[in-house]
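S.K.: Quick one: structure below, then a few questions.
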Number of protein chains: 2
Amino acid sequence: MTQFRSGCPIASALDIIGDKWSLVIIRSMVVGATSYSDLLSTPEKISTNILAERLRRLEDAGLIRQSQPRQGSIRGAYALTTKGAALIPVVQELARWGETQIPDRWTPPERFYAARPSDFAARDSYPAAD
Amino acid sequence: MTQFRSGCPIASALDIIGDKWSLVIIRSMVVGATSYSDLLSTPEKISTNILAERLRRLEDAGLIRQSQPRQGSIRGAYALTTKGAALIPVVQELARWGETQIPDRWTPPERFYAARPSDFAARDSYPAAD
DNA sequence: ATTTCTTACTTGCATTTTGCAAGTTAAAAA
DNA sequence: TTTTTAACTTGCAAAATGCAAGTAAGAAAT
């Protein structure tokens, strides 16, 4: 259970996702990453223990869920929840800031800026059949 | 000089402001805080060494500047730069997320959501006369 | 049935960051 | 001259981060 520093929505949001990796994970999921190894294979080269720890925290905070558990060598899958998908406008705005204020950043794919929270239809409380 | 994990604008933005305090400081400045003691007196109770370190980093990254140095017991002042003010849509979006997704968060003052980057007119390279 | 491979981690440890509490500095105010 | 104020710095303990190596479970291959 997250301890909040204050009642401020910004400070509280940062108590949940205020680190260098959480929104990077959300970004990767917006553009299609689903499995642990998908998330491991991004350009930023996250460490395995950090990825595991962040996924656990994001799940505990209700932002992602395991839509399919791993079975042996059949890969598992994570999905954004409604609450997690609601962060899409935040990461899109952060992307705009980064593109305009930091030189030589690449432009995200169109599907990133086209993504909307409703694209990630909630299946928050039962596993997917696919 | 910030080391970036990748060329991604989001990851790079987080390399600069991806911690629990930086955007809280930006928020406080959007709603009027200017001095070190203003920033110290927010509900979150930041530690003095962390505040000093964050202010140094934000200044090094070009997001804030010292608009007036402290003179003895005459307080100094920090101001958002153009680059820093460009983060306003990000913190506004984060506030919306926090308000809707985290129970019992207070609503920011109207002047917070009304704020626009252009309100913080750039004086990036010369000190203010006021 | 056994062995190999894949996927998702866990573990140990060194380094870095965070944060508490106390202390310092410089200049204005008394 | 002394006191107060504002903005820090310092020392240290605890927590977080991240590297590299290792483990577990089940599918795939033999």
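Residues in the structure tokens are named by chain (A, B, ... in the order shown) and by number from 1 within that chain; ligands are numbered from 1 in the order shown.
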Write out as a PyMOL selection string which residues come within 7 Å of Arg27 (chain B) when counting only C-alpha atoms (C1' of nucleotides), dropping same-chain ones fewer than 4 positions away.
M.R.: chain B and resi 23+31+91
S.K.: Suppose we keep C-alpha atoms; can you now write the selection as a compact mmCIF listing (two decimals), in the first residue's frame?
M.R.:
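Output contents, as saved in result13.txt:
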# COMPACT_ATOMS: atom_id res chain seq x y z
CA LEU B 23 8.00 17.68 -10.62
CA VAL B 31 1.53 28.06 -8.14
CA VAL B 91 2.30 18.26 -14.55
S.K.: Can you superpose chain A onto chain B by least squares over all C-alpha atoms paired in order and give the moved copy as a compact mmCIF listing (two decimals) with N, CA, C and O atoms, in the first residue's frame?
M.R.:
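Heads up, here's the output in superposed.txt:
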# COMPACT_ATOMS: atom_id res chain seq x y z
N MET A 1 26.24 17.15 -17.24
CA MET A 1 25.62 16.78 -18.50
C MET A 1 24.90 15.44 -18.37
O MET A 1 25.53 14.42 -18.11
N THR A 2 23.59 15.49 -18.58
CA THR A 2 22.78 14.29 -18.39
C THR A 2 23.17 13.19 -19.36
O THR A 2 23.29 13.42 -20.55
N GLN A 3 23.34 12.00 -18.82
CA GLN A 3 23.52 10.80 -19.64
C GLN A 3 22.16 10.21 -19.95
O GLN A 3 21.38 9.96 -19.04
N PHE A 4 21.87 9.99 -21.22
CA PHE A 4 20.57 9.45 -21.60
C PHE A 4 20.69 7.96 -21.86
O PHE A 4 21.63 7.49 -22.49
N ARG A 5 19.71 7.23 -21.38
CA ARG A 5 19.69 5.79 -21.58
C ARG A 5 19.42 5.40 -23.04
O ARG A 5 19.82 4.33 -23.48
N SER A 6 18.70 6.25 -23.75
CA SER A 6 18.37 5.98 -25.15
C SER A 6 18.01 7.31 -25.81
O SER A 6 18.03 8.34 -25.15
N GLY A 7 17.62 7.26 -27.06
CA GLY A 7 17.18 8.44 -27.78
C GLY A 7 15.70 8.73 -27.64
O GLY A 7 15.18 9.67 -28.25
N CYS A 8 15.02 7.94 -26.84
CA CYS A 8 13.58 8.11 -26.65
C CYS A 8 13.29 9.40 -25.87
O CYS A 8 13.89 9.61 -24.81
N PRO A 9 12.37 10.22 -26.34
CA PRO A 9 12.08 11.47 -25.61
C PRO A 9 11.52 11.24 -24.22
O PRO A 9 11.80 12.02 -23.30
N ILE A 10 10.77 10.17 -24.04
CA ILE A 10 10.19 9.89 -22.73
C ILE A 10 11.29 9.44 -21.76
O ILE A 10 11.42 9.97 -20.65
N ALA A 11 12.07 8.46 -22.19
CA ALA A 11 13.16 7.96 -21.33
C ALA A 11 14.12 9.09 -20.99
O ALA A 11 14.59 9.21 -19.85
N SER A 12 14.40 9.94 -22.00
CA SER A 12 15.33 11.04 -21.77
C SER A 12 14.75 12.08 -20.81
O SER A 12 15.47 12.61 -19.95
N ALA A 13 13.48 12.37 -20.97
CA ALA A 13 12.82 13.29 -20.03
C ALA A 13 12.94 12.73 -18.61
O ALA A 13 13.25 13.46 -17.66
N LEU A 14 12.71 11.45 -18.46
CA LEU A 14 12.80 10.81 -17.15
C LEU A 14 14.23 10.78 -16.62
O LEU A 14 14.45 10.79 -15.41
N ASP A 15 15.20 10.75 -17.51
CA ASP A 15 16.59 10.86 -17.06
C ASP A 15 16.85 12.21 -16.39
O ASP A 15 17.76 12.35 -15.59
N ILE A 16 16.05 13.19 -16.74
CA ILE A 16 16.20 14.52 -16.14
C ILE A 16 15.28 14.69 -14.93
O ILE A 16 15.71 15.16 -13.89
N ILE A 17 14.03 14.31 -15.07
CA ILE A 17 13.06 14.62 -14.01
C ILE A 17 12.37 13.41 -13.40
O ILE A 17 11.33 13.53 -12.75
N GLY A 18 12.94 12.22 -13.62
CA GLY A 18 12.30 11.00 -13.15
C GLY A 18 12.69 10.65 -11.73
O GLY A 18 13.44 9.70 -11.50
N ASP A 19 12.18 11.39 -10.79
CA ASP A 19 12.36 11.09 -9.37
C ASP A 19 11.14 11.64 -8.67
O ASP A 19 10.27 12.25 -9.30
N LYS A 20 11.06 11.47 -7.37
CA LYS A 20 9.85 11.85 -6.67
C LYS A 20 9.72 13.34 -6.37
O LYS A 20 8.64 13.79 -5.96
N TRP A 21 10.78 14.09 -6.54
CA TRP A 21 10.73 15.48 -6.07
C TRP A 21 10.75 16.53 -7.18
O TRP A 21 10.21 17.62 -7.00
N SER A 22 11.35 16.23 -8.33
CA SER A 22 11.56 17.29 -9.33
C SER A 22 10.25 17.91 -9.80
O SER A 22 10.13 19.15 -9.84
N LEU A 23 9.28 17.09 -10.14
CA LEU A 23 8.01 17.67 -10.62
C LEU A 23 7.20 18.29 -9.49
O LEU A 23 6.35 19.15 -9.73
N VAL A 24 7.43 17.86 -8.27
CA VAL A 24 6.79 18.52 -7.12
C VAL A 24 7.32 19.95 -7.00
O VAL A 24 6.56 20.89 -6.73
N ILE A 25 8.62 20.12 -7.21
CA ILE A 25 9.22 21.46 -7.19
C ILE A 25 8.64 22.32 -8.32
O ILE A 25 8.25 23.47 -8.11
N ILE A 26 8.56 21.74 -9.53
CA ILE A 26 7.97 22.47 -10.66
C ILE A 26 6.54 22.88 -10.33
O ILE A 26 6.12 24.01 -10.56
N ARG A 27 5.76 21.97 -9.78
CA ARG A 27 4.38 22.28 -9.39
C ARG A 27 4.34 23.48 -8.45
O ARG A 27 3.55 24.41 -8.62
N SER A 28 5.20 23.46 -7.43
CA SER A 28 5.20 24.53 -6.44
C SER A 28 5.52 25.87 -7.09
O SER A 28 4.96 26.90 -6.72
N MET A 29 6.41 25.82 -8.07
CA MET A 29 6.77 27.07 -8.76
C MET A 29 5.64 27.55 -9.65
O MET A 29 5.43 28.75 -9.80
N VAL A 30 4.88 26.64 -10.23
CA VAL A 30 3.74 27.03 -11.05
C VAL A 30 2.70 27.78 -10.22
O VAL A 30 2.08 28.74 -10.69
N VAL A 31 2.54 27.38 -8.97
CA VAL A 31 1.53 28.05 -8.14
C VAL A 31 2.12 29.15 -7.25
O VAL A 31 1.48 29.60 -6.32
N GLY A 32 3.36 29.55 -7.57
CA GLY A 32 3.82 30.78 -6.95
C GLY A 32 5.04 30.71 -6.05
O GLY A 32 5.57 31.75 -5.67
N ALA A 33 5.50 29.54 -5.70
CA ALA A 33 6.70 29.46 -4.86
C ALA A 33 7.91 29.96 -5.63
O ALA A 33 8.06 29.65 -6.82
N THR A 34 8.75 30.74 -4.96
CA THR A 34 9.95 31.23 -5.66
C THR A 34 11.23 30.96 -4.87
O THR A 34 12.27 30.69 -5.45
N SER A 35 11.14 31.03 -3.55
CA SER A 35 12.38 30.95 -2.78
C SER A 35 12.61 29.55 -2.25
O SER A 35 11.69 28.71 -2.20
N TYR A 36 13.83 29.34 -1.78
CA TYR A 36 14.19 28.06 -1.16
C TYR A 36 13.24 27.77 0.00
O TYR A 36 12.76 26.65 0.15
N SER A 37 12.94 28.76 0.83
CA SER A 37 12.07 28.49 1.98
C SER A 37 10.61 28.29 1.55
O SER A 37 9.90 27.51 2.19
N ASP A 38 10.16 28.95 0.48
CA ASP A 38 8.84 28.62 -0.09
C ASP A 38 8.77 27.13 -0.44
O ASP A 38 7.80 26.44 -0.14
N LEU A 39 9.82 26.66 -1.11
CA LEU A 39 9.83 25.27 -1.58
C LEU A 39 9.99 24.28 -0.44
O LEU A 39 9.57 23.13 -0.53
N LEU A 40 10.58 24.76 0.65
CA LEU A 40 10.76 23.92 1.83
C LEU A 40 9.45 23.76 2.60
O LEU A 40 9.25 22.77 3.30
N SER A 41 8.56 24.75 2.46
CA SER A 41 7.35 24.81 3.29
C SER A 41 6.16 24.15 2.64
O SER A 41 5.03 24.47 2.99
N THR A 42 6.36 23.26 1.71
CA THR A 42 5.20 22.62 1.08
C THR A 42 4.79 21.42 1.92
O THR A 42 5.53 20.98 2.80
N PRO A 43 3.59 20.92 1.69
CA PRO A 43 3.07 19.85 2.56
C PRO A 43 3.92 18.58 2.57
O PRO A 43 3.83 17.80 3.52
N GLU A 44 4.72 18.38 1.53
CA GLU A 44 5.44 17.11 1.42
C GLU A 44 6.68 17.02 2.32
O GLU A 44 7.24 15.93 2.46
N LYS A 45 7.11 18.17 2.88
CA LYS A 45 8.24 18.14 3.83
C LYS A 45 9.53 17.56 3.24
O LYS A 45 10.12 16.64 3.80
N ILE A 46 9.96 18.13 2.16
CA ILE A 46 11.22 17.70 1.55
C ILE A 46 12.38 17.99 2.51
O ILE A 46 12.36 18.97 3.28
N SER A 47 13.41 17.15 2.48
CA SER A 47 14.61 17.41 3.29
C SER A 47 15.45 18.49 2.63
O SER A 47 15.50 18.60 1.40
N THR A 48 16.16 19.24 3.48
CA THR A 48 16.92 20.39 2.96
C THR A 48 18.01 19.97 1.98
O THR A 48 18.23 20.63 0.96
N ASN A 49 18.67 18.86 2.28
CA ASN A 49 19.74 18.44 1.37
C ASN A 49 19.18 17.97 0.03
O ASN A 49 19.78 18.19 -1.02
N ILE A 50 18.03 17.33 0.07
CA ILE A 50 17.39 16.88 -1.17
C ILE A 50 16.91 18.09 -1.98
O ILE A 50 17.10 18.14 -3.20
N LEU A 51 16.31 19.07 -1.32
CA LEU A 51 15.85 20.27 -2.05
C LEU A 51 17.03 20.97 -2.72
O LEU A 51 16.97 21.31 -3.91
N ALA A 52 18.10 21.15 -1.97
CA ALA A 52 19.28 21.80 -2.52
C ALA A 52 19.81 21.04 -3.74
O ALA A 52 20.14 21.64 -4.78
N GLU A 53 19.87 19.73 -3.58
CA GLU A 53 20.40 18.89 -4.66
C GLU A 53 19.50 18.93 -5.89
O GLU A 53 19.98 19.02 -7.03
N ARG A 54 18.20 18.88 -5.69
CA ARG A 54 17.27 18.94 -6.83
C ARG A 54 17.32 20.29 -7.52
O ARG A 54 17.29 20.37 -8.75
N LEU A 55 17.41 21.38 -6.74
CA LEU A 55 17.48 22.72 -7.36
C LEU A 55 18.74 22.83 -8.21
O LEU A 55 18.70 23.36 -9.33
N ARG A 56 19.83 22.29 -7.70
CA ARG A 56 21.08 22.32 -8.46
C ARG A 56 20.91 21.54 -9.77
O ARG A 56 21.31 22.01 -10.84
N ARG A 57 20.31 20.36 -9.68
CA ARG A 57 20.11 19.54 -10.88
C ARG A 57 19.17 20.19 -11.88
O ARG A 57 19.39 20.13 -13.08
N LEU A 58 18.08 20.78 -11.39
CA LEU A 58 17.11 21.42 -12.29
C LEU A 58 17.76 22.63 -12.96
O LEU A 58 17.51 22.90 -14.14
N GLU A 59 18.60 23.33 -12.21
CA GLU A 59 19.31 24.48 -12.80
C GLU A 59 20.31 23.99 -13.84
O GLU A 59 20.38 24.53 -14.95
N ASP A 60 21.07 22.94 -13.50
CA ASP A 60 22.03 22.37 -14.45
C ASP A 60 21.33 21.91 -15.73
O ASP A 60 21.91 22.00 -16.81
N ALA A 61 20.12 21.40 -15.59
CA ALA A 61 19.38 20.92 -16.77
C ALA A 61 18.67 22.05 -17.52
O ALA A 61 18.04 21.80 -18.54
N GLY A 62 18.76 23.26 -17.00
CA GLY A 62 18.18 24.41 -17.69
C GLY A 62 16.69 24.59 -17.47
O GLY A 62 16.04 25.32 -18.23
N LEU A 63 16.13 23.97 -16.45
CA LEU A 63 14.68 24.06 -16.23
C LEU A 63 14.32 25.22 -15.30
O LEU A 63 13.20 25.71 -15.31
N ILE A 64 15.25 25.60 -14.45
CA ILE A 64 15.04 26.74 -13.56
C ILE A 64 16.31 27.60 -13.57
O ILE A 64 17.36 27.15 -14.03
N ARG A 65 16.16 28.80 -13.09
CA ARG A 65 17.32 29.68 -12.95
C ARG A 65 17.14 30.50 -11.67
O ARG A 65 16.03 30.62 -11.14
N GLN A 66 18.25 31.04 -11.19
CA GLN A 66 18.16 31.92 -10.04
C GLN A 66 17.83 33.31 -10.55
O GLN A 66 18.68 33.98 -11.13
N SER A 67 16.60 33.74 -10.33
CA SER A 67 16.23 35.06 -10.82
C SER A 67 16.72 36.14 -9.85
O SER A 67 16.75 37.31 -10.19
N GLN A 68 17.07 35.73 -8.66
CA GLN A 68 17.60 36.69 -7.68
C GLN A 68 18.41 35.91 -6.67
O GLN A 68 17.89 35.04 -6.00
N PRO A 69 19.70 36.21 -6.52
CA PRO A 69 20.47 35.49 -5.52
C PRO A 69 20.12 36.01 -4.13
O PRO A 69 19.73 37.16 -3.96
N ARG A 70 20.23 35.12 -3.17
CA ARG A 70 20.01 35.53 -1.78
C ARG A 70 21.10 36.49 -1.34
O ARG A 70 22.25 36.38 -1.73
N GLN A 71 20.67 37.44 -0.54
CA GLN A 71 21.65 38.36 0.05
C GLN A 71 21.41 38.43 1.54
O GLN A 71 20.49 39.11 2.00
N GLY A 72 22.23 37.72 2.30
CA GLY A 72 22.05 37.71 3.74
C GLY A 72 20.66 37.22 4.07
O GLY A 72 20.28 36.12 3.66
N SER A 73 19.90 38.01 4.78
CA SER A 73 18.55 37.59 5.13
C SER A 73 17.50 38.04 4.11
O SER A 73 16.31 37.79 4.31
N ILE A 74 17.95 38.67 3.03
CA ILE A 74 17.03 38.94 1.92
C ILE A 74 16.96 37.69 1.07
O ILE A 74 17.98 37.23 0.53
N ARG A 75 15.76 37.15 1.00
CA ARG A 75 15.62 35.86 0.31
C ARG A 75 15.92 35.94 -1.19
O ARG A 75 15.71 36.97 -1.81
N GLY A 76 16.42 34.82 -1.71
CA GLY A 76 16.66 34.73 -3.15
C GLY A 76 15.41 34.25 -3.86
O GLY A 76 14.37 34.05 -3.23
N ALA A 77 15.53 34.04 -5.16
CA ALA A 77 14.36 33.55 -5.90
C ALA A 77 14.80 32.72 -7.08
O ALA A 77 15.80 33.02 -7.75
N TYR A 78 14.06 31.66 -7.30
CA TYR A 78 14.21 30.83 -8.47
C TYR A 78 13.04 31.10 -9.41
O TYR A 78 11.95 31.47 -8.96
N ALA A 79 13.26 30.86 -10.69
CA ALA A 79 12.17 31.00 -11.67
C ALA A 79 12.27 29.88 -12.69
O ALA A 79 13.37 29.38 -12.99
N LEU A 80 11.14 29.51 -13.22
CA LEU A 80 11.12 28.56 -14.33
C LEU A 80 11.70 29.21 -15.57
O LEU A 80 11.41 30.37 -15.86
N THR A 81 12.49 28.45 -16.29
CA THR A 81 12.92 28.91 -17.62
C THR A 81 11.85 28.51 -18.64
O THR A 81 10.86 27.84 -18.29
N THR A 82 12.06 28.89 -19.89
CA THR A 82 11.14 28.47 -20.96
C THR A 82 11.04 26.95 -21.02
O THR A 82 9.95 26.39 -21.14
N LYS A 83 12.20 26.32 -20.91
CA LYS A 83 12.26 24.86 -20.97
C LYS A 83 11.52 24.23 -19.79
O LYS A 83 10.82 23.23 -19.94
N GLY A 84 11.70 24.83 -18.62
CA GLY A 84 11.02 24.34 -17.43
C GLY A 84 9.53 24.59 -17.49
O GLY A 84 8.74 23.72 -17.12
N ALA A 85 9.14 25.76 -17.96
CA ALA A 85 7.72 26.09 -18.07
C ALA A 85 7.02 25.17 -19.07
O ALA A 85 5.81 24.92 -18.96
N ALA A 86 7.78 24.67 -20.04
CA ALA A 86 7.20 23.75 -21.03
C ALA A 86 6.75 22.44 -20.39
O ALA A 86 6.05 21.64 -21.01
N LEU A 87 7.13 22.20 -19.14
CA LEU A 87 6.67 21.02 -18.41
C LEU A 87 5.28 21.19 -17.82
O LEU A 87 4.70 20.23 -17.29
N ILE A 88 4.74 22.40 -17.88
CA ILE A 88 3.44 22.66 -17.26
C ILE A 88 2.34 21.70 -17.78
O ILE A 88 1.61 21.10 -16.96
N PRO A 89 2.22 21.50 -19.09
CA PRO A 89 1.20 20.53 -19.54
C PRO A 89 1.43 19.12 -18.98
O PRO A 89 0.46 18.38 -18.74
N VAL A 90 2.69 18.75 -18.76
CA VAL A 90 2.97 17.43 -18.19
C VAL A 90 2.45 17.34 -16.75
O VAL A 90 1.76 16.38 -16.40
N VAL A 91 2.77 18.35 -15.95
CA VAL A 91 2.32 18.25 -14.56
C VAL A 91 0.80 18.43 -14.45
O VAL A 91 0.17 17.85 -13.57
N GLN A 92 0.21 19.21 -15.37
CA GLN A 92 -1.26 19.32 -15.37
C GLN A 92 -1.90 17.98 -15.71
O GLN A 92 -2.89 17.57 -15.08
N GLU A 93 -1.36 17.30 -16.68
CA GLU A 93 -1.88 15.98 -17.05
C GLU A 93 -1.70 14.98 -15.91
O GLU A 93 -2.58 14.17 -15.62
N LEU A 94 -0.56 15.06 -15.24
CA LEU A 94 -0.31 14.18 -14.10
C LEU A 94 -1.29 14.48 -12.97
O LEU A 94 -1.77 13.57 -12.28
N ALA A 95 -1.61 15.75 -12.79
CA ALA A 95 -2.59 16.15 -11.78
C ALA A 95 -3.96 15.56 -12.10
O ALA A 95 -4.67 15.07 -11.21
N ARG A 96 -4.35 15.62 -13.36
CA ARG A 96 -5.64 15.04 -13.76
C ARG A 96 -5.65 13.55 -13.48
O ARG A 96 -6.64 13.01 -12.96
N TRP A 97 -4.56 12.89 -13.81
CA TRP A 97 -4.50 11.45 -13.53
C TRP A 97 -4.62 11.18 -12.04
O TRP A 97 -5.39 10.35 -11.59
N GLY A 98 -3.86 11.90 -11.26
CA GLY A 98 -3.89 11.71 -9.80
C GLY A 98 -5.25 11.97 -9.20
O GLY A 98 -5.71 11.25 -8.31
N GLU A 99 -5.91 13.04 -9.68
CA GLU A 99 -7.24 13.38 -9.16
C GLU A 99 -8.26 12.31 -9.46
O GLU A 99 -9.16 12.05 -8.65
N THR A 100 -8.16 11.70 -10.66
CA THR A 100 -9.19 10.73 -11.05
C THR A 100 -8.86 9.31 -10.60
O THR A 100 -9.77 8.51 -10.41
N GLN A 101 -7.58 9.03 -10.42
CA GLN A 101 -7.22 7.63 -10.17
C GLN A 101 -6.79 7.32 -8.75
O GLN A 101 -6.60 6.16 -8.40
N ILE A 102 -6.59 8.36 -7.95
CA ILE A 102 -6.18 8.11 -6.56
C ILE A 102 -7.23 8.74 -5.65
O ILE A 102 -7.48 9.95 -5.74
N PRO A 103 -7.79 7.97 -4.77
CA PRO A 103 -8.88 8.51 -3.93
C PRO A 103 -8.38 9.60 -2.99
O PRO A 103 -7.22 9.62 -2.58
N ASP A 104 -9.30 10.50 -2.66
CA ASP A 104 -9.07 11.49 -1.60
C ASP A 104 -7.92 12.46 -1.88
O ASP A 104 -7.31 12.96 -0.94
N ARG A 105 -7.60 12.68 -3.14
CA ARG A 105 -6.58 13.70 -3.42
C ARG A 105 -7.28 15.06 -3.48
O ARG A 105 -8.41 15.17 -3.93
N TRP A 106 -6.56 16.11 -3.03
CA TRP A 106 -7.20 17.42 -3.16
C TRP A 106 -7.11 17.93 -4.60
O TRP A 106 -6.29 17.45 -5.38
N THR A 107 -7.98 18.87 -4.91
CA THR A 107 -7.97 19.47 -6.25
C THR A 107 -7.02 20.66 -6.24
O THR A 107 -7.07 21.48 -5.34
N PRO A 108 -6.13 20.74 -7.20
CA PRO A 108 -5.23 21.90 -7.26
C PRO A 108 -6.02 23.20 -7.43
O PRO A 108 -7.15 23.19 -7.93
N PRO A 109 -5.43 24.33 -7.02
CA PRO A 109 -6.11 25.62 -7.21
C PRO A 109 -6.30 25.90 -8.70
O PRO A 109 -5.55 25.41 -9.54
N GLU A 110 -7.33 26.70 -9.00
CA GLU A 110 -7.64 27.01 -10.40
C GLU A 110 -6.47 27.58 -11.16
O GLU A 110 -6.31 27.32 -12.35
N ARG A 111 -5.65 28.37 -10.44
CA ARG A 111 -4.53 28.97 -11.15
C ARG A 111 -3.53 27.93 -11.63
O ARG A 111 -2.75 28.19 -12.55
N PHE A 112 -3.55 26.79 -11.02
CA PHE A 112 -2.67 25.73 -11.47
C PHE A 112 -3.10 25.23 -12.85
O PHE A 112 -2.30 25.17 -13.78
N TYR A 113 -4.37 24.88 -12.98
CA TYR A 113 -4.84 24.38 -14.29
C TYR A 113 -4.91 25.49 -15.34
O TYR A 113 -4.87 25.23 -16.53
N ALA A 114 -5.00 26.74 -14.87
CA ALA A 114 -5.05 27.86 -15.82
C ALA A 114 -3.67 28.24 -16.34
O ALA A 114 -3.53 28.95 -17.33
N ALA A 115 -2.62 27.77 -15.64
CA ALA A 115 -1.27 28.20 -16.00
C ALA A 115 -0.89 27.69 -17.38
O ALA A 115 -1.24 26.59 -17.79
N ARG A 116 -0.18 28.53 -18.11
CA ARG A 116 0.35 28.17 -19.41
C ARG A 116 1.84 28.48 -19.44
O ARG A 116 2.29 29.41 -18.78
N PRO A 117 2.60 27.75 -20.23
CA PRO A 117 4.04 28.01 -20.29
C PRO A 117 4.34 29.48 -20.59
O PRO A 117 5.28 30.04 -20.01
N SER A 118 3.52 30.11 -21.44
CA SER A 118 3.81 31.49 -21.82
C SER A 118 3.64 32.49 -20.67
O SER A 118 4.13 33.61 -20.74
N ASP A 119 2.93 32.06 -19.61
CA ASP A 119 2.82 32.92 -18.42
C ASP A 119 4.19 33.16 -17.79
O ASP A 119 4.39 34.12 -17.06
N PHE A 120 5.09 32.22 -18.00
CA PHE A 120 6.40 32.33 -17.39
C PHE A 120 7.35 32.85 -18.45
O PHE A 120 8.16 32.13 -19.00
N ALA A 121 7.20 34.10 -18.74
CA ALA A 121 7.92 34.74 -19.85
C ALA A 121 9.41 34.56 -19.67
O ALA A 121 9.95 34.77 -18.59
N ALA A 122 10.05 34.19 -20.74
CA ALA A 122 11.46 33.86 -20.67
C ALA A 122 12.30 35.07 -20.35
O ALA A 122 12.13 36.14 -20.91
N ARG A 123 13.14 34.90 -19.41
CA ARG A 123 14.20 35.86 -19.12
C ARG A 123 15.44 35.02 -18.88
O ARG A 123 16.14 35.17 -17.91
N ASP A 124 15.63 34.13 -19.79
CA ASP A 124 16.56 33.03 -19.52
C ASP A 124 18.00 33.46 -19.34
O ASP A 124 18.79 32.78 -18.71
N SER A 125 18.34 34.63 -19.93
CA SER A 125 19.77 34.91 -19.94
C SER A 125 20.17 36.24 -19.30
O SER A 125 21.30 36.65 -19.40
N TYR A 126 19.21 36.89 -18.63
CA TYR A 126 19.62 38.06 -17.86
C TYR A 126 18.77 38.12 -16.61
O TYR A 126 17.65 37.66 -16.57
N PRO A 127 19.32 38.69 -15.53
CA PRO A 127 18.58 38.71 -14.28
C PRO A 127 17.43 39.70 -14.34
O PRO A 127 17.51 40.73 -15.00
N ALA A 128 16.37 39.39 -13.59
CA ALA A 128 15.21 40.28 -13.50
C ALA A 128 15.57 41.53 -12.71
O ALA A 128 16.39 41.49 -11.80
N ALA A 129 14.90 42.59 -13.05
CA ALA A 129 15.14 43.85 -12.34
C ALA A 129 14.24 44.02 -11.11
O ALA A 129 14.47 44.90 -10.30
N ASP A 130 13.23 43.19 -11.00
CA ASP A 130 12.26 43.36 -9.90
C ASP A 130 12.73 42.83 -8.55
O ASP A 130 13.82 42.52 -8.28
S.K.: At a cut-off of 9 Å, using only C-alpha atoms (C1' of nucleotides), what residues contact DT18 (chain C)? Leave out same-chain residues fewer than 3 positions from it and give the result as number ranges by chain.
M.R.: B: 50; D: 14-16
S.K.: What are the residues of chain D lining chain A at 6 Å or less? Count only C-alpha atoms (C1' of nucleotides), and put the answer as number ranges by chain.
M.R.: D: 25-27
S.K.: At a cut-off of 9 Å, can you tabulate as CSV every residue of chain C near chain B together with its closest atom pair and the distance in Å to one decimal, using only C-alpha atoms (C1' of nucleotides) and ordering rows by chain then number?
M.R.:
residue,atom,partner,partner_atom,distance
C:DT18,C1',B:Ile50,CA,7.8
C:DG19,C1',B:Ser47,CA,6.4
C:DC20,C1',B:Ser47,CA,8.1
C:DA26,C1',B:Gly72,CA,5.7
C:DA27,C1',B:Gly72,CA,3.5
C:DA28,C1',B:Ser73,CA,5.2
C:DA29,C1',B:Ser73,CA,8.3
S.K.: Quick one: DSSP strand (DSSP E or B) residues in region 38-75 of chain A, as a PyMOL selection string?
M.R.: chain A and resi 64-68+71+74
S.K.: Would you mind writing down, as a PyMOL selection string, each residue of chain A that DSSP on the backbone assigns to alpha helix (DSSP H)?
M.R.: chain A and resi 9-17+22-30+36-40+48-60+82-85+88-101+110-114
